Amino acid sequence: MGDCLSIDEVMGMVPQQEPFRFIDEILELDADHIVARHTFSKEADFYRGHFPGNPITPGVILIETAAQASVVAFGIYLYSLETSREDVAKLLTIFTDCNIDFSGAVMPGDRVQTTGRLKFFRRKKLRATFDMTLDDGTIVCSGELSGMGVPR
Amino acid sequence: MEQSEVMERVVKILTPWVKDETALGKVSMETNILDDLKVNSARLVDVVIAFEDDFDIEIADEDVDRVNTVGDAVNLISGKL
């Protein structure tokens with residue numbers, strides 16, 4: 001049995017920080033799923049180039065946003081169910097593969113909610129299905145994401 | 001199940017993750033899954049789960065650590081059939 005980290009502890013252990021942090025809060029977290037939110041700042045630098053005069057959140061940033069919730073934060077929690085807080089801190093979760101469909105656009109200032117559901121967590125590899133929605137429930141992307149814990 | 005049939009199914013399962021198709025053409029029991037076939041190590045869990053599903057067996061994580069070659073996989077699976 002592990003230390004079973006709290007939501008606040010998981011948030012504190014997500015290594016990504018500004019300007020590359022795309023997880024603001026975790027609403028739900030257990031062994032089967034995670035629900036997290038992020039609001040895209042209108043001031044984010046990537047909007048200057050994507051696209052000039054017509055800012056829209058890049059798909060790769062949406063993938064990263066989904067991964068920080070469904071793979072990184074979820075992975076930290078799942079690993080904490082198996083091992084100590086100290087051992088969890090020794091691992092860095094790397095993104096390994098994904099299969100994603102995009103179906104909507106995320107504009108500057110939009111808030112998105114990512115729901116990740118466990119597919120498997122084995123040998124420190126996590127695969128989760130996910131969907132990302134806007135506040136009005138519109139799905140902007142969905143699919144599968146995987147990551148793996150490696151020594152820091 | 002004959003070992004040759006297990007071998008054939010193992011190679012078929014590995015194929016989607018193989019990066020060196022030349023090596024796949026001369027695969028043998030001694031072929032190393034990571035070094036020769038260039039399967040990404042992050043995909044090993046996917047491979048093991050595919051073995052379990054295809055052969056309807058369970059493979060313990062400790063056993064996975066001993067699988068380096070195609071032959072290791074064939075022998076491990078054959079021992080569980």
# chains A, B, ... in the order shown; residues from 1 in each chain; ligands from 1
$ closest_atom_pairs --of "chain A" --to "chain B" --cutoff "10 Å" --atoms "only C-alpha atoms" --output "JSON lines"
{"residue": "A:Ile94", "atom": "CA", "partner": "B:Ala42", "partner_atom": "CA", "distance": 9.8}
{"residue": "A:Phe95", "atom": "CA", "partner": "B:Ala42", "partner_atom": "CA", "distance": 9.6}
{"residue": "A:Thr96", "atom": "CA", "partner": "B:Ala42", "partner_atom": "CA", "distance": 6.6}
{"residue": "A:Asp97", "atom": "CA", "partner": "B:Ala42", "partner_atom": "CA", "distance": 8.8}
{"residue": "A:Phe120", "atom": "CA", "partner": "B:Val45", "partner_atom": "CA", "distance": 9.7}
{"residue": "A:Phe121", "atom": "CA", "partner": "B:Val45", "partner_atom": "CA", "distance": 9.4}
{"residue": "A:Arg122", "atom": "CA", "partner": "B:Val45", "partner_atom": "CA", "distance": 7.2}
{"residue": "A:Arg123", "atom": "CA", "partner": "B:Asp61", "partner_atom": "CA", "distance": 7.0}
{"residue": "A:Lys124", "atom": "CA", "partner": "B:Val45", "partner_atom": "CA", "distance": 9.3}
{"residue": "A:Lys125", "atom": "CA", "partner": "B:Val45", "partner_atom": "CA", "distance": 7.2}
{"residue": "A:Leu126", "atom": "CA", "partner": "B:Val45", "partner_atom": "CA", "distance": 9.5}
{"residue": "A:Arg127", "atom": "CA", "partner": "B:Asp46", "partner_atom": "CA", "distance": 9.7}
{"residue": "A:Ser146", "atom": "CA", "partner": "B:Ala42", "partner_atom": "CA", "distance": 9.4}
{"residue": "A:Gly147", "atom": "CA", "partner": "B:Ala42", "partner_atom": "CA", "distance": 8.3}
{"residue": "A:Met148", "atom": "CA", "partner": "B:Ala42", "partner_atom": "CA", "distance": 7.1}
{"residue": "A:Gly149", "atom": "CA", "partner": "B:Ala42", "partner_atom": "CA", "distance": 9.8}
$ select_by_dssp --residues "segment 5-60 of chain B" --states "helix (DSSP H, G or I)" --output "PyMOL selection string"
chain B and resi 5-17+21-25+41-55
$ residues_around --residues "Leu14 of chain B" --least-positions-apart "6" --cutoff "10 Å" --atoms "only C-alpha atoms" --output "JSON, numbers by chain"
{"B": [24, 33, 37, 39, 43, 44, 46, 47, 48, 50, 51, 70]}
$ write_last_selection --atoms "N, CA and C atoms" --output "PDB file, in the first residue's frame"
ATOM      1  N   LEU B  24      12.636  -7.769 -39.100  1.00  0.00           N
ATOM      2  CA  LEU B  24      11.438  -8.600 -39.000  1.00  0.00           C
ATOM      3  C   LEU B  24      11.478  -9.718 -40.041  1.00  0.00           C
ATOM      4  N   ILE B  33      14.065  -8.076 -28.957  1.00  0.00           N
ATOM      5  CA  ILE B  33      12.872  -7.273 -29.259  1.00  0.00           C
ATOM      6  C   ILE B  33      13.191  -5.777 -29.298  1.00  0.00           C
ATOM      7  N   LEU B  37      14.643  -5.486 -33.236  1.00  0.00           N
ATOM      8  CA  LEU B  37      13.382  -5.081 -33.881  1.00  0.00           C
ATOM      9  C   LEU B  37      13.078  -3.598 -33.660  1.00  0.00           C
ATOM     10  N   VAL B  39      11.740  -2.108 -31.174  1.00  0.00           N
ATOM     11  CA  VAL B  39      10.473  -1.789 -30.511  1.00  0.00           C
ATOM     12  C   VAL B  39      10.777  -0.788 -29.392  1.00  0.00           C
ATOM     13  N   ARG B  43       6.697   0.765 -25.248  1.00  0.00           N
ATOM     14  CA  ARG B  43       5.609  -0.038 -25.809  1.00  0.00           C
ATOM     15  C   ARG B  43       5.575  -1.465 -25.276  1.00  0.00           C
ATOM     16  N   LEU B  44       6.537  -1.807 -24.413  1.00  0.00           N
ATOM     17  CA  LEU B  44       6.594  -3.186 -23.932  1.00  0.00           C
ATOM     18  C   LEU B  44       5.324  -3.592 -23.177  1.00  0.00           C
ATOM     19  N   ASP B  46       2.369  -2.486 -23.761  1.00  0.00           N
ATOM     20  CA  ASP B  46       1.356  -2.742 -24.802  1.00  0.00           C
ATOM     21  C   ASP B  46       1.538  -4.140 -25.391  1.00  0.00           C
ATOM     22  N   VAL B  47       2.794  -4.511 -25.629  1.00  0.00           N
ATOM     23  CA  VAL B  47       3.099  -5.825 -26.195  1.00  0.00           C
ATOM     24  C   VAL B  47       2.645  -6.933 -25.246  1.00  0.00           C
ATOM     25  N   VAL B  48       2.971  -6.774 -23.980  1.00  0.00           N
ATOM     26  CA  VAL B  48       2.610  -7.801 -22.991  1.00  0.00           C
ATOM     27  C   VAL B  48       1.088  -7.944 -22.889  1.00  0.00           C
ATOM     28  N   ALA B  50      -1.014  -7.283 -25.201  1.00  0.00           N
ATOM     29  CA  ALA B  50      -1.456  -7.937 -26.442  1.00  0.00           C
ATOM     30  C   ALA B  50      -1.204  -9.449 -26.377  1.00  0.00           C
ATOM     31  N   PHE B  51      -0.075  -9.856 -25.807  1.00  0.00           N
ATOM     32  CA  PHE B  51       0.198 -11.293 -25.610  1.00  0.00           C
ATOM     33  C   PHE B  51      -0.903 -11.908 -24.738  1.00  0.00           C
ATOM     34  N   VAL B  70      12.714 -12.676 -28.804  1.00  0.00           N
ATOM     35  CA  VAL B  70      11.476 -13.310 -29.268  1.00  0.00           C
ATOM     36  C   VAL B  70      11.343 -14.691 -28.635  1.00  0.00           C
TER      37      VAL B  70
END
$ residues_around --residues "Ala23 of chain B" --least-positions-apart "3" --cutoff "12 Å" --atoms "only C-alpha atoms" --output "list in words"
Val11, Thr15, Val18, Lys19, Asp20, Lys26, Val27, Ser28, Glu30, Thr31, Asn32, Ile33, Leu34, Asp35, Asp36, Leu37, Lys38, Val39 and Val70 of chain B
$ write_last_selection --atoms "N, CA and C atoms" --output "JSON list (two decimals), in the first residue's frame"
[["chain", "number", "residue", "atom", "x", "y", "z"],
["B", 11, "VAL", "N", 5.28, -13.02, -33.36],
["B", 11, "VAL", "CA", 5.83, -12.11, -34.36],
["B", 11, "VAL", "C", 4.71, -11.23, -34.94],
["B", 15, "THR", "N", 4.57, -7.10, -34.65],
["B", 15, "THR", "CA", 4.75, -6.37, -35.90],
["B", 15, "THR", "C", 4.32, -4.90, -35.89],
["B", 18, "VAL", "N", 7.14, -2.80, -34.49],
["B", 18, "VAL", "CA", 8.51, -2.98, -35.00],
["B", 18, "VAL", "C", 8.92, -1.80, -35.88],
["B", 19, "LYS", "N", 10.09, -1.22, -35.57],
["B", 19, "LYS", "CA", 10.58, -0.08, -36.35],
["B", 19, "LYS", "C", 11.55, -0.50, -37.44],
["B", 20, "ASP", "N", 12.14, -1.69, -37.29],
["B", 20, "ASP", "CA", 13.09, -2.17, -38.29],
["B", 20, "ASP", "C", 12.48, -3.38, -39.01],
["B", 26, "LYS", "N", 13.99, -11.43, -40.99],
["B", 26, "LYS", "CA", 14.90, -12.53, -40.62],
["B", 26, "LYS", "C", 14.79, -12.84, -39.13],
["B", 27, "VAL", "N", 13.58, -12.68, -38.61],
["B", 27, "VAL", "CA", 13.38, -12.87, -37.18],
["B", 27, "VAL", "C", 13.61, -14.33, -36.78],
["B", 28, "SER", "N", 14.21, -14.51, -35.59],
["B", 28, "SER", "CA", 14.45, -15.85, -35.06],
["B", 28, "SER", "C", 14.21, -15.81, -33.56],
["B", 30, "GLU", "N", 16.38, -15.88, -31.41],
["B", 30, "GLU", "CA", 17.44, -15.07, -30.79],
["B", 30, "GLU", "C", 17.25, -13.57, -31.03],
["B", 31, "THR", "N", 16.30, -13.20, -31.85],
["B", 31, "THR", "CA", 16.11, -11.77, -32.17],
["B", 31, "THR", "C", 15.71, -10.99, -30.92],
["B", 32, "ASN", "N", 16.48, -9.93, -30.64],
["B", 32, "ASN", "CA", 16.19, -9.10, -29.47],
["B", 32, "ASN", "C", 15.06, -8.11, -29.81],
["B", 33, "ILE", "N", 14.06, -8.08, -28.96],
["B", 33, "ILE", "CA", 12.87, -7.27, -29.26],
["B", 33, "ILE", "C", 13.19, -5.78, -29.30],
["B", 34, "LEU", "N", 13.98, -5.31, -28.36],
["B", 34, "LEU", "CA", 14.30, -3.88, -28.33],
["B", 34, "LEU", "C", 15.45, -3.53, -29.26],
["B", 35, "ASP", "N", 16.54, -4.29, -29.17],
["B", 35, "ASP", "CA", 17.76, -3.93, -29.91],
["B", 35, "ASP", "C", 17.68, -4.24, -31.41],
["B", 36, "ASP", "N", 17.07, -5.37, -31.76],
["B", 36, "ASP", "CA", 17.03, -5.77, -33.17],
["B", 36, "ASP", "C", 15.76, -5.27, -33.88],
["B", 37, "LEU", "N", 14.64, -5.49, -33.24],
["B", 37, "LEU", "CA", 13.38, -5.08, -33.88],
["B", 37, "LEU", "C", 13.08, -3.60, -33.66],
["B", 38, "LYS", "N", 13.84, -2.97, -32.73],
["B", 38, "LYS", "CA", 13.70, -1.53, -32.45],
["B", 38, "LYS", "C", 12.30, -1.18, -31.94],
["B", 39, "VAL", "N", 11.74, -2.11, -31.17],
["B", 39, "VAL", "CA", 10.47, -1.79, -30.51],
["B", 39, "VAL", "C", 10.78, -0.79, -29.39],
["B", 70, "VAL", "N", 12.71, -12.68, -28.80],
["B", 70, "VAL", "CA", 11.48, -13.31, -29.27],
["B", 70, "VAL", "C", 11.34, -14.69, -28.63]]
$ select_by_dssp --residues "segment 3-133 of chain A" --states "strand (DSSP E)" --output "VMD selection string"
chain A and resid 25 to 29 33 to 39 91 to 102 111 to 122 125 to 133
$ atom_distance --atom1 "atom CA of Ala60 of chain B" --atom2 "atom CA of Leu92 of chain A"
24.0 Å
$ closest_residue --among "B:Phe55, B:Ala73, B:Asn68, B:Met29" --to "Met1 of chain B" --atoms "only C-alpha atoms"
B:Phe55
$ atom_distance --atom1 "atom CA of Thr138 of chain A" --atom2 "atom CA of Thr65 of chain A"
16.3 Å
$ residues_around --residues "segment 23-26 of chain A" --least-positions-apart "2" --cutoff "7 Å" --atoms "only C-alpha atoms" --output "ChimeraX atom specification"
/A:7,21,28,35-38,65,68-69
$ write_last_selection --atoms "C-alpha atoms" --output "compact mmCIF listing (two decimals), in the first residue's frame"
# COMPACT_ATOMS: atom_id res chain seq x y z
CA ILE A 7 -5.53 16.36 -4.53
CA ARG A 21 1.42 24.62 -16.81
CA GLU A 28 -12.28 14.74 -8.87
CA VAL A 35 -11.40 15.58 -13.67
CA ALA A 36 -9.27 18.72 -14.01
CA ARG A 37 -9.67 22.24 -15.34
CA HIS A 38 -7.56 24.88 -16.98
CA THR A 65 -3.33 20.08 -21.31
CA GLN A 68 -1.00 17.04 -17.66
CA ALA A 69 -4.33 15.92 -16.20
$ atom_distance --atom1 "atom CA of Glu144 of chain A" --atom2 "atom CA of Thr129 of chain A"
4.3 Å
$ closest_residue --among "A:Phe130, A:Phe46, A:Phe22, A:Tyr77" --to "Phe102 of chain A" --atoms "only C-alpha atoms"
A:Phe130
$ closest_residue --among "A:Val88, A:Ile63, A:Ala105, A:Val140" --to "Ile76 of chain A" --atoms "only C-alpha atoms"
A:Val88
$ closest_residue --among "B:Trp17, B:Val10, B:Arg66, B:Val74" --to "Asp53 of chain B" --atoms "only C-alpha atoms"
B:Val10
